[in-house]
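Shown next: entry08.cif, containing mmCIF, C-alpha atoms.
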data_work
loop_
_atom_site.label_atom_id
_atom_site.label_comp_id
_atom_site.auth_asym_id
_atom_site.auth_seq_id
_atom_site.Cartn_x
_atom_site.Cartn_y
_atom_site.Cartn_z
CA MET A 1 -1.79 9.06 7.67
CA GLY A 2 -1.30 5.82 9.53
CA GLU A 3 -1.26 2.25 8.27
CA ILE A 4 -2.31 -1.08 9.74
CA THR A 5 -0.59 -4.17 8.34
CA LEU A 6 -2.33 -7.46 9.11
CA VAL A 7 -0.40 -10.71 8.64
CA ARG A 8 -1.92 -14.16 8.91
CA HIS A 9 0.09 -16.80 10.77
CA GLY A 10 2.07 -19.43 8.88
CA GLN A 11 0.70 -22.86 8.05
CA ALA A 12 -0.41 -24.58 11.23
CA ASN A 13 -1.12 -28.24 11.98
CA SER A 14 -3.65 -28.82 9.20
CA SER A 15 -4.31 -32.43 10.24
CA ALA A 16 -5.69 -31.29 13.61
CA THR A 17 -9.22 -31.93 14.84
CA THR A 18 -9.08 -29.71 17.96
CA GLU A 19 -8.06 -26.16 18.77
CA ALA A 20 -5.09 -27.35 20.83
CA GLU A 21 -3.78 -29.67 18.11
CA TYR A 22 -4.05 -26.97 15.45
CA ASP A 23 -2.23 -24.30 17.44
CA ARG A 24 1.35 -24.79 16.29
CA LEU A 25 3.19 -24.03 13.09
CA SER A 26 4.17 -26.78 10.72
CA ALA A 27 7.74 -26.93 9.43
CA LEU A 28 6.53 -25.11 6.31
CA GLY A 29 4.75 -22.53 8.48
CA HIS A 30 8.03 -21.68 10.17
CA GLU A 31 9.69 -21.32 6.76
CA GLN A 32 6.90 -19.08 5.48
CA ALA A 33 7.30 -16.78 8.47
CA LYS A 34 11.07 -16.65 8.05
CA TRP A 35 10.74 -15.85 4.34
CA LEU A 36 8.27 -13.04 5.03
CA GLY A 37 10.55 -11.62 7.71
CA GLU A 38 13.44 -11.59 5.24
CA TRP A 39 11.27 -9.85 2.64
CA MET A 40 10.14 -7.24 5.19
CA ARG A 41 13.68 -6.42 6.25
CA GLU A 42 14.72 -5.92 2.62
CA HIS A 43 11.64 -4.16 1.22
CA ASP A 44 9.35 -2.87 3.97
CA ARG A 45 9.60 0.17 6.25
CA ASP A 46 9.95 0.06 10.03
CA TYR A 47 6.88 -0.33 12.23
CA ASP A 48 6.07 1.87 15.18
CA VAL A 49 4.02 -0.82 16.91
CA VAL A 50 4.28 -4.62 16.50
CA LEU A 51 2.04 -7.15 18.20
CA SER A 52 0.31 -10.49 17.74
CA GLY A 53 -2.42 -12.52 19.32
CA THR A 54 -1.51 -14.77 22.24
CA LEU A 55 -1.98 -18.06 20.35
CA ARG A 56 1.12 -20.19 19.83
CA ARG A 57 0.92 -20.18 16.03
CA GLN A 58 0.65 -16.39 16.00
CA ARG A 59 3.57 -15.90 18.39
CA GLU A 60 5.70 -18.39 16.43
CA THR A 61 4.96 -16.44 13.27
CA LEU A 62 5.87 -13.19 15.01
CA ALA A 63 9.18 -14.72 16.07
CA GLY A 64 9.82 -15.93 12.53
CA LEU A 65 9.35 -12.38 11.28
CA GLY A 66 12.04 -11.26 13.72
CA TYR A 67 9.85 -9.77 16.46
CA ALA A 68 10.04 -12.43 19.17
CA ASP A 69 9.87 -9.87 21.99
CA ALA A 70 6.89 -7.91 20.65
CA ALA A 71 3.70 -7.43 22.65
CA THR A 72 0.63 -9.66 22.46
CA ASP A 73 -3.07 -8.81 22.48
CA ALA A 74 -5.72 -11.51 22.91
CA ARG A 75 -8.16 -9.50 20.79
CA LEU A 76 -6.17 -10.74 17.78
CA ASN A 77 -6.82 -14.40 18.66
CA GLU A 78 -8.72 -16.48 16.12
CA ILE A 79 -12.32 -17.62 16.37
CA ALA A 80 -12.44 -20.97 18.20
CA TYR A 81 -13.62 -22.61 14.98
CA TYR A 82 -13.11 -26.23 15.99
CA ASP A 83 -15.25 -25.65 19.07
CA LEU A 84 -17.96 -24.02 16.95
CA THR A 85 -17.78 -26.95 14.54
CA ASP A 86 -18.36 -29.35 17.42
CA GLU A 87 -21.36 -27.24 18.42
CA MET A 88 -22.70 -27.43 14.85
CA THR A 89 -22.43 -31.21 15.01
CA ARG A 90 -24.26 -31.32 18.33
CA VAL A 91 -27.03 -28.90 17.37
CA HIS A 92 -27.46 -29.36 13.63
CA GLY A 93 -25.57 -32.54 12.79
CA THR A 94 -23.57 -30.65 10.15
CA GLY A 95 -20.16 -30.32 11.76
CA THR A 96 -17.03 -31.02 9.73
CA HIS A 97 -13.29 -30.49 10.03
CA ASP A 98 -12.64 -31.20 6.33
CA PRO A 99 -11.09 -28.10 4.72
CA GLN A 100 -12.80 -29.03 1.42
CA ASP A 101 -16.18 -28.30 3.04
CA PHE A 102 -15.08 -24.96 4.46
CA VAL A 103 -16.65 -22.96 1.62
CA THR A 104 -20.17 -23.90 2.73
CA HIS A 105 -19.61 -24.77 6.36
CA PHE A 106 -17.90 -21.53 7.38
CA PRO A 107 -20.75 -19.11 6.52
CA ALA A 108 -23.33 -21.56 7.87
CA THR A 109 -21.44 -21.79 11.16
CA LEU A 110 -21.06 -18.01 11.48
CA THR A 111 -24.75 -17.52 10.74
CA ALA A 112 -25.76 -20.06 13.40
CA TRP A 113 -23.33 -18.41 15.81
CA ARG A 114 -24.80 -14.96 15.19
CA LYS A 115 -28.34 -16.30 15.67
CA GLY A 116 -27.35 -17.82 19.01
CA GLU A 117 -28.03 -21.38 17.85
CA ILE A 118 -24.48 -22.32 18.82
CA GLY A 119 -22.32 -20.67 21.43
CA GLY A 120 -19.08 -21.70 23.02
CA ALA A 121 -16.77 -19.62 25.17
CA GLU A 122 -17.36 -16.45 23.15
CA GLY A 123 -20.50 -15.03 21.58
CA TYR A 124 -20.64 -13.69 18.05
CA ASP A 125 -21.17 -10.09 19.19
CA ALA A 126 -18.21 -10.35 21.56
CA PHE A 127 -16.07 -11.56 18.63
CA THR A 128 -17.04 -8.71 16.30
CA ASP A 129 -16.70 -6.16 19.11
CA ARG A 130 -13.16 -7.21 19.97
CA VAL A 131 -12.10 -7.07 16.32
CA ARG A 132 -13.45 -3.53 16.06
CA ASP A 133 -11.77 -2.63 19.36
CA VAL A 134 -8.32 -3.86 18.35
CA MET A 135 -8.59 -2.21 14.94
CA ALA A 136 -9.56 1.08 16.59
CA MET A 137 -6.48 0.75 18.80
CA ALA A 138 -4.27 0.01 15.77
CA ALA A 139 -5.66 2.94 13.75
CA GLN A 140 -3.08 5.41 15.03
CA PRO A 141 -2.64 8.54 12.87
CA GLY A 142 0.90 8.78 11.55
CA LYS A 143 1.89 5.34 12.91
CA ARG A 144 2.61 2.05 11.16
CA VAL A 145 1.17 -0.85 13.16
CA LEU A 146 1.87 -4.53 12.41
CA CYS A 147 -0.60 -7.12 13.74
CA VAL A 148 0.03 -10.86 13.36
CA SER A 149 -3.31 -12.61 13.60
CA SER A 150 -5.48 -15.23 11.87
CA GLY A 151 -7.75 -15.55 8.87
CA GLY A 152 -11.06 -15.06 10.66
CA ILE A 153 -9.87 -11.90 12.39
CA ILE A 154 -8.41 -10.46 9.19
CA ALA A 155 -11.58 -11.26 7.24
CA GLN A 156 -13.77 -9.62 9.89
CA ALA A 157 -11.55 -6.52 10.04
CA ILE A 158 -11.70 -6.14 6.27
CA SER A 159 -15.44 -6.77 6.25
CA ASP A 160 -15.91 -3.98 8.78
CA VAL A 161 -13.94 -1.60 6.54
CA LEU A 162 -15.96 -2.59 3.46
CA GLY A 163 -19.34 -3.03 5.16
CA LEU A 164 -19.71 -6.74 4.30
CA ASP A 165 -22.07 -9.26 5.90
CA ILE A 166 -21.37 -12.92 6.69
CA PRO A 167 -21.69 -14.42 3.15
CA GLN A 168 -19.29 -11.82 1.74
CA MET A 169 -17.03 -12.05 4.80
CA ALA A 170 -16.72 -15.80 4.18
CA ARG A 171 -15.62 -15.12 0.61
CA VAL A 172 -12.96 -12.78 1.96
CA ALA A 173 -11.78 -15.42 4.44
CA LEU A 174 -11.57 -18.38 2.05
CA PRO A 175 -8.61 -17.26 -0.12
CA ILE A 176 -6.48 -15.80 2.70
CA LEU A 177 -3.03 -17.35 2.43
CA ASN A 178 -0.78 -18.33 5.30
CA THR A 179 1.62 -15.41 6.01
CA SER A 180 -0.33 -13.16 3.64
CA VAL A 181 -0.08 -9.39 4.04
CA HIS A 182 -3.07 -7.02 4.16
CA ARG A 183 -2.83 -3.25 4.52
CA ILE A 184 -5.38 -0.72 5.74
CA GLN A 185 -4.71 3.00 5.49
CA VAL A 186 -5.77 5.27 8.32
CA THR A 187 -7.16 8.55 6.95
CA ASP A 188 -9.16 11.49 8.21
CA HIS A 189 -12.14 9.97 6.41
CA GLY A 190 -11.86 6.52 7.94
CA LEU A 191 -10.10 3.28 7.11
CA LEU A 192 -9.30 2.31 3.50
CA LEU A 193 -8.28 -1.16 2.32
CA THR A 194 -5.19 -0.73 0.15
CA CYS A 195 -3.78 -4.28 -0.07
CA PHE A 196 -5.39 -7.72 0.23
CA ASN A 197 -3.74 -11.16 0.43
CA ALA A 198 -0.28 -10.19 -0.83
CA ALA A 199 2.45 -12.81 -0.52
CA PRO A 200 5.54 -11.21 -2.11
CA HIS A 201 7.84 -13.63 -0.28
CA LEU A 202 6.13 -16.53 -2.08
CA ASP A 203 5.78 -14.94 -5.52
CA THR A 204 8.53 -16.94 -7.19
CA ALA A 205 8.44 -20.08 -9.29
CA ALA A 206 10.59 -21.86 -6.70
CA ARG A 207 8.03 -21.16 -3.95
CA ALA A 208 4.81 -21.57 -5.92
CA GLU A 209 4.09 -24.85 -4.13
CA GLN A 210 4.71 -23.27 -0.73
CA ARG A 211 1.59 -21.10 -0.90
CA THR A 212 -0.98 -22.62 1.49
CA PHE A 213 -4.45 -21.79 2.76
CA TYR A 214 -4.53 -24.17 5.78
#
The structure in this file should be written as structure tokens.
Amino acid sequence: MGEITLVRHGQANSSATTEAEYDRLSALGHEQAKWLGEWMREHDRDYDVVLSGTLRRQRETLAGLGYADAATDARLNEIAYYDLTDEMTRVHGTGTHDPQDFVTHFPATLTAWRKGEIGGAEGYDAFTDRVRDVMAMAAQPGKRVLCVSSGGIIAQAISDVLGLDIPQMARVALPILNTSVHRIQVTDHGLLLTCFNAAPHLDTAARAEQRTFY
């Protein structure tokens, strides 16, 4: 059997209001990635394939884990959520960049995106197709594959495994921690979710305040 390990990037620039501003790790994000890399070297097994998306925050996380020279795959890049939020403001007057409103705004935005009410550089079907494509590539029998990505991609990949629609997918996305670990087993009967949102490198009293969602 194979195994896909999905890791979300470390904390990014949470004060950002644009895609470009958001796309870099904070000082804590770099620490989170370093801590996870240390935990992996001490407790995890070797990976046969390691890759990340092409976004800066994903590549910086990959480097923090100790895989600076690993390959990249743009299919692991996050949804352009700030751009979609701007579209929601233009079309529906409901756009927001406040993380406190994410619980309601995220599923509403995805629903409008799927309906074609908002667009941007990528359509909803193109997004879901590329997530399925990269997961199919990573589902290599007998291989361990590590993918550093983002919350929206991880939530969609898990939703595909579990057969979830947008409202449930949003509930998967909301609690995903920065540098969290998610594992999917590759079997003859399909993909099985075996681990969700683990953060063993942050599971100490000393690091309890270093667990972040954005």
**Closest of A:Ser150, A:Gln210, A:Thr85, A:Ser180 to A:Leu110 - atom-to-atom distances counting all atoms listed in the file** = A:Thr85
Exercise on stretch 16-35 of chain A, axis-aligned box with 3 Å per side, report centre and edge lengths in Å to one decimal, as AutoDock Vina command-line options:
--center_x 0.9 --center_y -23.9 --center_z 12.6 --size_x 26.3 --size_y 22.1 --size_z 22.5
**Item:** stretch 198-206 of chain A environment, 7 Å, only C-alpha atoms, sequence neighbours closer than 5 positions dropped, as a PyMOL selection string
**Value:** chain A and resi 35-36+39+180-182+211
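Reported to one decimal place, the separation of atom CA of A:Leu192 from atom CA of A:Phe102 is 27.9 Å.
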**Request:** Could you tell me which residues the PyMOL selection byres ((chain A and resi 136) around 12) returns for this structure, as a PyMOL selection string?
**Result:** chain A and resi 2-4+75+129-135+137-141+145+157+160-161+184+186+190-191
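Of note, atom CA of A:Thr17 and atom CA of A:Thr89 are spaced 13.2 Å apart.
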**Item:** For A:Asn178: contacts at 9 Å, only C-alpha atoms, fewer than 3 positions along chain excluded, given as number ranges by chain
**Value:** A: 7-12, 29, 32-33, 150-151, 199, 211-214
**Item:** Residues matched by the PyMOL selection byres ((chain A and resi 50-52) around 10) as number ranges by chain
**Value:** A: 5-9, 46-49, 53-63, 67-77, 138, 144-150
**Option closest in space to A:Leu162, from A:Ala208, A:Leu193, A:Ala126, A:Met88 [counting all atoms listed in the file]** =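 When distances to A:Leu162 are compared using all atoms listed in the file, the smallest one comes from A:Leu193.
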